[in-house]
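Step one of this worksheet: look at the structure below.
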Amino acid sequence: MKVRVKFAKEGSMKFIGHLDIMRYFQKAIRRAGIDIAFSEGFSPHMIMSFAAPLGVGITSTGEYFDMEVNTATNSEDMKKRLNAAMVEGMRILSIKKVDDGKASKAMSLVAAADYLVTFRPGQEKLRDMFLEHLADFYSQEQLLIWKKTKKSEKEIDIRPFIYEMRREGESIFLKLAAGSANNTKPELVMEAFAGYLSVSVLEYAFEVHRLETYGEIQAEGRPVFVSLEGLGEEIE
Amino acid sequence: MRKLALNDEILLNIEKPARYIGNEVNSVMKEKDKVDIRFAMCFPDVYEIGMSHLGIQILYDMFNQREDTWCERVYSPWPDLDQVLREEKIPLFALESQDAVKDFDFLGLTLQYEMCYTNVLQILDLSQIPLLSKERTEDMPIVIGGGPCAYNPEPLADFFDLFYIGEGETVYNQLLDVYKENKRSGGGRREFLEKAAGIPGIYVPGFYRVEYHEDGTIASFAPTCECAPLKVEKQVVMDVTDTYYPKAPVVPFIKATQDRVTLEIQRGCIRGCRFCQAGMLYRPTRERKLEYLKQAAKDMLVNTGHEEISLSSLSSSDYSQLPELIQFLIEEFDKKGVNISLPSLRIDAFSLDVMSKVQDIRKSSLTFAPEAGTQRLRDVINKGLTEQDILEGAGSAFEGGWTRVKLYFMLGLPTETEEDMRGIAELAEKIARRYYEIPKEQRQGKCQIVVSTSFFVPKPFTPFQWAPMFTKEQFLDKARFVKEAIRAQLNQKSIKYNWHEADVTVLEGILARGDRRIGPVIRKAYENGSLFDSWSEYFRPQAWEQAFKDLGVDPDFYTMRERDVTEILPWDFIDIGVTKKFLIREWNRAKEEEITPNCRQQCSGCGAGRYKGGVCLEG
């Protein structure tokens with residue numbers, strides 16, 4: 001059975017990189033006594049797949065991984081057991097059963113993600129400037145930026161990958177393309193925004209928090225975003 | 001949420017911020033207002049190394065079992081953070097509370113190897129604690145040293161308030177009780193140190209005076225305070241089953257050097273190799289009970305979620321119930337995807353059988369440590385391994401499908417000749433030939449033999465503690481000689497040769513058998529920029545050379561002369577149970593190429609029998 005785990009990564013855990021978070025969960029799953037399935041071969045490994053790697057320094061309440069289990073009790077119990085194996089800053093938010101099959105692999109499903117960009121204390125002037133010009137910035141039809149690739153630098157238009165951008169309280173809400181194809185980092189949008197305002201922004205002027213990760217499904221003939229947990233069902 | 005000592009900007013700009021944030025699984029949080037004693041336990045090297053050390057895990061668990069004590073961890077900040085802490089004057093902090101170390105009651109540093117001594121000074125310096133014990137004031141932590149290098153604490157005597165000599169499980173509780181009582185009754189630093197000096201195993205260097213002869217050797221070593229004993233007795237846990245052992249060790253977020261459960265199956269070693277300090281220090285050999293180990297293995301795997309378990313001891317093959325233990329581990333854990341790692345096994349039919357069950361033969365290699373190239377020199381060092389053992393072991397391994405062999409040797413052992421060095425190459429050649437005896441269609445291509453040599457460093461409390469060392473150039477000549485000899489072998493293409501660096505060996509030799517006059521040199525080298533000396537990319541031999549020169553200390557005095565057995569050695573005031581008489585006897589037998597039987601074959605009367613336990617009472 002394939003199980004999807006939604007988790008939060010907050011506080012000091014934002015300093016732990018993606019590979020170490022994977023190792024952290026491998027050990028947590030053992031401590032929680034989850035009956036996870038292993039691959040065949042001389043050095044078997046746990047069958048699990050993470051949705052969208054989160055950069056170091058970013059917090060999140062919308063992280064996911066899928067795992068293959070041999071047996072499962074129920075969502076409530078597994079969530080409780082995994083939460084008992086967590087450290088401060090890590091929380092299991094939901095556990096859902098998802099369809100088997102390649103197409104439902106968490107990683108390949110990811111299409112979009114929501115972020116909240118908050119200015120750090122001391123950056124109020126900058127914040128006000130950003131918030132004031134947010135609508136103008138977002139109303140541009142094209143947003144050309146230079147993106148570094150492995151070999152060269154090329155100019156691309158990221159405007160189509162910003163699905164939503166608005167003020168939320170004193171922060172900026174962003175819905176951006178995610179996943180392998182057009183993955184757009186919030187830092188990149190903020191950089192373009194700073195360029196638009198002709199201001200130089202300190203590297204640590206704002207904090208980024210991921211709110212949710214979405215997959216894309218076809219509903220009534222058109223694509224819709226559904227949270228990855230929304231694609232699963234509660235295990236009773 | 002805890003407030004971190006470092007801000008985001010710092011943490012996101014340094015390598016591996018996970019080294020400094022604490023919060024790991026099984027790390028212990030307490031309320032600081034509800035404890036009487038705050039203990040900062042430090043391994044003075046980078047986090048990944050320090051977190052792999054069993055001794056600290058044992059003490060961390062033991063101290064935190066006390067309701068009145070909160071023990072936290074501290075490691076050496078990597079040079080990137082070191083620079084930030086200095087520039088921004090941020091005091092070094094402990095991982096759990098993120099509070100400054102200088103506000104703790106104790107700072108304990110484990111001294112596992114000599115090359116960490118400048119890191120010890122870094123820890124004190126960054127903590128904003130004066131480097132010299134005598135300059136510390138009432139509100140500063142008591143600085144304690146422990147671990148194997150504390151068996152010759154003299155080079156560090158100026159920097160520590162006290163040393164704990166021996167195994168930590170015994171009198172630390174007494175020491176903490178005395179501290180608490182002293183604090184309650186309004187006693188100060190001096191009063192505490194006087195009381196501590198009366199506890200067996202505690203050495204307060206400030207209460208002793210050393211005088212020297214004109215030739216530089218020690219004339220006298222004596223206490224200056226009635227509170228301090230003439231001899232400091234090593235502490236030893238006689239019941240290694242009914243004692244402290246961490247059932248839930250801390251699990252790092254980043255991959256530590258030892259990313260696994262460590263199961264210490266016994267302490268000590270019956271073998272009596274004459275170069276080996278651990279083999280003498282941890283006498284008598286004491287085994288933990290099988291049932292206890294089974295339970296401990298289960299508990300630790302469940303509590304940590306580690307995917308590997310490793311047995312730890314100086315010579316696992318000598319654990320009397322090893323087959324039962326390994327069988328249990330395989331049956332219990334192999335199917336759960338837990339790897340079983342078995343270091344320090346003697347290669348024989350049993351171990352090959354076990355290894356074929358728990359490892360991928362194609363990927364693993366066999367390890368032999370003959371230490372010397374000829375039987376003559378192996379007799380000198382009392383290494384029981386014979387050429388026949390090695391060839392038979394390697395032979396059956398090759399037939400079982402192994403193709404890779406690692407061989408460890410030392411260069412510069414007492415009485416070594418060119419023949420002994422050539423013997424290294426010849427032994428490697430014989431092993432290669434044994435491999436090619438297997439018909440071509442039955443073997444898996446070529447074999448790969450890796451010969452590694454280190455340079456021998458005489459250590460305190462070994463029969464070789466009186467032996468001279470060599471210069472850096474002489475050491476390198478020896479390595480070149482072995483290299484040439486290997487190149488002259490028929491199967492040289494199957495043999496790879498690595499050797500250890502020589503300048504770091506010479507320094508290790510100076511520090512290992514140094515006295516109090518080495519302390520200022522360490523300080524000077526640190527001020528000259530020495531740090532992380534055990535990391536070849538950071539080792540700065542010039543900084544040390546300059547320090548010796550500036551202070552007029554002759555390094556050769558510590559390395560190049562053969563000491564007379566009547567000389568007062570800097571560490572003679574420590575009583576490790578094994579007598580000096582026995583060490584002298586062994587030194588003489590070494591020169592006569594006489595071997596000494598191991599503890600199970602026959603008691604040699606080393607002195608450890610007075611502890612009345614372990615292997616001394618077997619049979």
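Residues are referred to by chain and number: the chain letter is A, B, ... according to the order shown in the structure tokens, the number counts from 1 in that chain, and ligands are numbered separately from 1 in the order shown.
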
At a cut-off of 7 Å, using only C-alpha atoms, what residues contact Gly17 in chain A? Leave out same-chain residues fewer than 3 positions from it and give the result as a list in words.
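Non-adjacent residues within range: Asp20, Ile21, Gly55 and Val56 of chain A.
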
Using only C-alpha atoms, select each residue of chain B with any atom at most 8 Å away from an atom of chain A, and give the selection as a list in words.
Met1, Leu4, Asp8, Glu9, Leu11, Leu12, Pro17, Ala18, Ile21, Asn23, Glu24, Val25, Phe253, Ile254, Lys255, Leu301, Val302, Asn303, Thr304, Gly305, His306, Glu307, Gly337 and Asp360 of chain B

Compile the contact shell of range 151-165 of chain A as JSON, numbers by chain: residues with an atom at most 6 Å away, counting only C-alpha atoms, same-chain residues fewer than 5 positions apart removed.
{"A": [142, 143, 144, 145, 146, 173, 174, 175, 176, 177]}

With N, CA and C atoms retained, export the selected residues as a PDB file, in the first residue's frame.
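Ended up saving to selection.pdb:
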ATOM      1  N   GLN A 142       5.106  40.289 -19.091  1.00  0.00           N
ATOM      2  CA  GLN A 142       6.302  39.486 -19.282  1.00  0.00           C
ATOM      3  C   GLN A 142       7.279  39.816 -18.156  1.00  0.00           C
ATOM      4  N   LEU A 143       8.019  38.814 -17.719  1.00  0.00           N
ATOM      5  CA  LEU A 143       8.987  39.045 -16.635  1.00  0.00           C
ATOM      6  C   LEU A 143      10.271  38.321 -16.986  1.00  0.00           C
ATOM      7  N   LEU A 144      11.122  39.026 -17.694  1.00  0.00           N
ATOM      8  CA  LEU A 144      12.337  38.379 -18.176  1.00  0.00           C
ATOM      9  C   LEU A 144      13.427  38.400 -17.102  1.00  0.00           C
ATOM     10  N   ILE A 145      13.995  37.259 -16.885  1.00  0.00           N
ATOM     11  CA  ILE A 145      15.134  37.213 -15.955  1.00  0.00           C
ATOM     12  C   ILE A 145      16.237  36.357 -16.554  1.00  0.00           C
ATOM     13  N   TRP A 146      17.445  36.595 -16.062  1.00  0.00           N
ATOM     14  CA  TRP A 146      18.581  35.766 -16.494  1.00  0.00           C
ATOM     15  C   TRP A 146      18.694  34.578 -15.555  1.00  0.00           C
ATOM     16  N   PHE A 173       1.987  36.691  -0.688  1.00  0.00           N
ATOM     17  CA  PHE A 173       1.596  35.318  -1.001  1.00  0.00           C
ATOM     18  C   PHE A 173       1.934  35.030  -2.459  1.00  0.00           C
ATOM     19  N   LEU A 174       2.490  33.856  -2.703  1.00  0.00           N
ATOM     20  CA  LEU A 174       2.853  33.460  -4.063  1.00  0.00           C
ATOM     21  C   LEU A 174       2.382  32.045  -4.349  1.00  0.00           C
ATOM     22  N   LYS A 175       1.769  31.858  -5.511  1.00  0.00           N
ATOM     23  CA  LYS A 175       1.505  30.498  -5.986  1.00  0.00           C
ATOM     24  C   LYS A 175       2.366  30.350  -7.230  1.00  0.00           C
ATOM     25  N   LEU A 176       3.326  29.427  -7.169  1.00  0.00           N
ATOM     26  CA  LEU A 176       4.326  29.304  -8.225  1.00  0.00           C
ATOM     27  C   LEU A 176       4.365  27.904  -8.809  1.00  0.00           C
ATOM     28  N   ALA A 177       4.817  27.836 -10.051  1.00  0.00           N
ATOM     29  CA  ALA A 177       5.012  26.529 -10.671  1.00  0.00           C
ATOM     30  C   ALA A 177       6.088  25.780  -9.894  1.00  0.00           C
TER      31      ALA A 177
END

Using only C-alpha atoms, determine which residues lie at most 10 Å from Leu345 in chain B, disregarding the query and same-chain residues fewer than 5 positions distant; provide the list as a PDB file with C-alpha atoms, in the first residue's frame.
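Done, and the output landed in result_24.pdb:
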ATOM      1  CA  LEU B 311      30.449  -4.174  17.736  1.00  0.00           C
ATOM      2  CA  SER B 313      36.116  -3.611  21.420  1.00  0.00           C
ATOM      3  CA  LEU B 314      39.864  -3.771  21.011  1.00  0.00           C
ATOM      4  CA  SER B 315      39.706  -7.354  19.731  1.00  0.00           C
ATOM      5  CA  SER B 316      36.201  -8.652  19.097  1.00  0.00           C
ATOM      6  CA  SER B 317      37.369 -12.179  18.325  1.00  0.00           C
ATOM      7  CA  ASP B 318      38.461 -12.565  21.928  1.00  0.00           C
ATOM      8  CA  PHE B 350      34.434 -18.547  11.643  1.00  0.00           C
ATOM      9  CA  SER B 351      34.784 -14.882  10.809  1.00  0.00           C
ATOM     10  CA  LEU B 352      34.782 -15.557   7.059  1.00  0.00           C
ATOM     11  CA  MET B 355      31.246 -11.974   7.092  1.00  0.00           C
ATOM     12  CA  LEU B 366      39.733  -8.295   4.525  1.00  0.00           C
ATOM     13  CA  THR B 367      41.879  -6.543   7.037  1.00  0.00           C
ATOM     14  CA  PHE B 368      45.000  -7.897   8.657  1.00  0.00           C
TER      15      PHE B 368
END

Find the residues around range 224-229 of chain A up to 12 Å (only C-alpha atoms counted), leave out those fewer than 4 positions away in its own chain, and share them as a ChimeraX atom specification.
/A:3-7,50-52,62-66,93-99,104-114,163,175-178,211-220,233-234

Neighbouring residues of Gly605 in chain B were defined as those with any atom within 10 Å, considering only C-alpha atoms; residues of the same chain fewer than 2 positions away were excluded. Please report them as a PyMOL selection string.
chain B and resi 578-579+581-582+599+602-603+607-610+616

As an exercise, work out the distance from CA of Leu391 in chain B to CA of Asp348 in chain B in Å and give it to one decimal place.
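Interatomic distance, CA of Leu391 in chain B to CA of Asp348 in chain B: 10.5 Å.
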
Once DSSP has gone over the backbone, tell me which residues of range 49-139 of chain A are in strand (DSSP E), as a count of residues only.
31

One number please: CA of Glu287 in chain B to CA of Val236 in chain B, in Å, one decimal.
13.3 Å
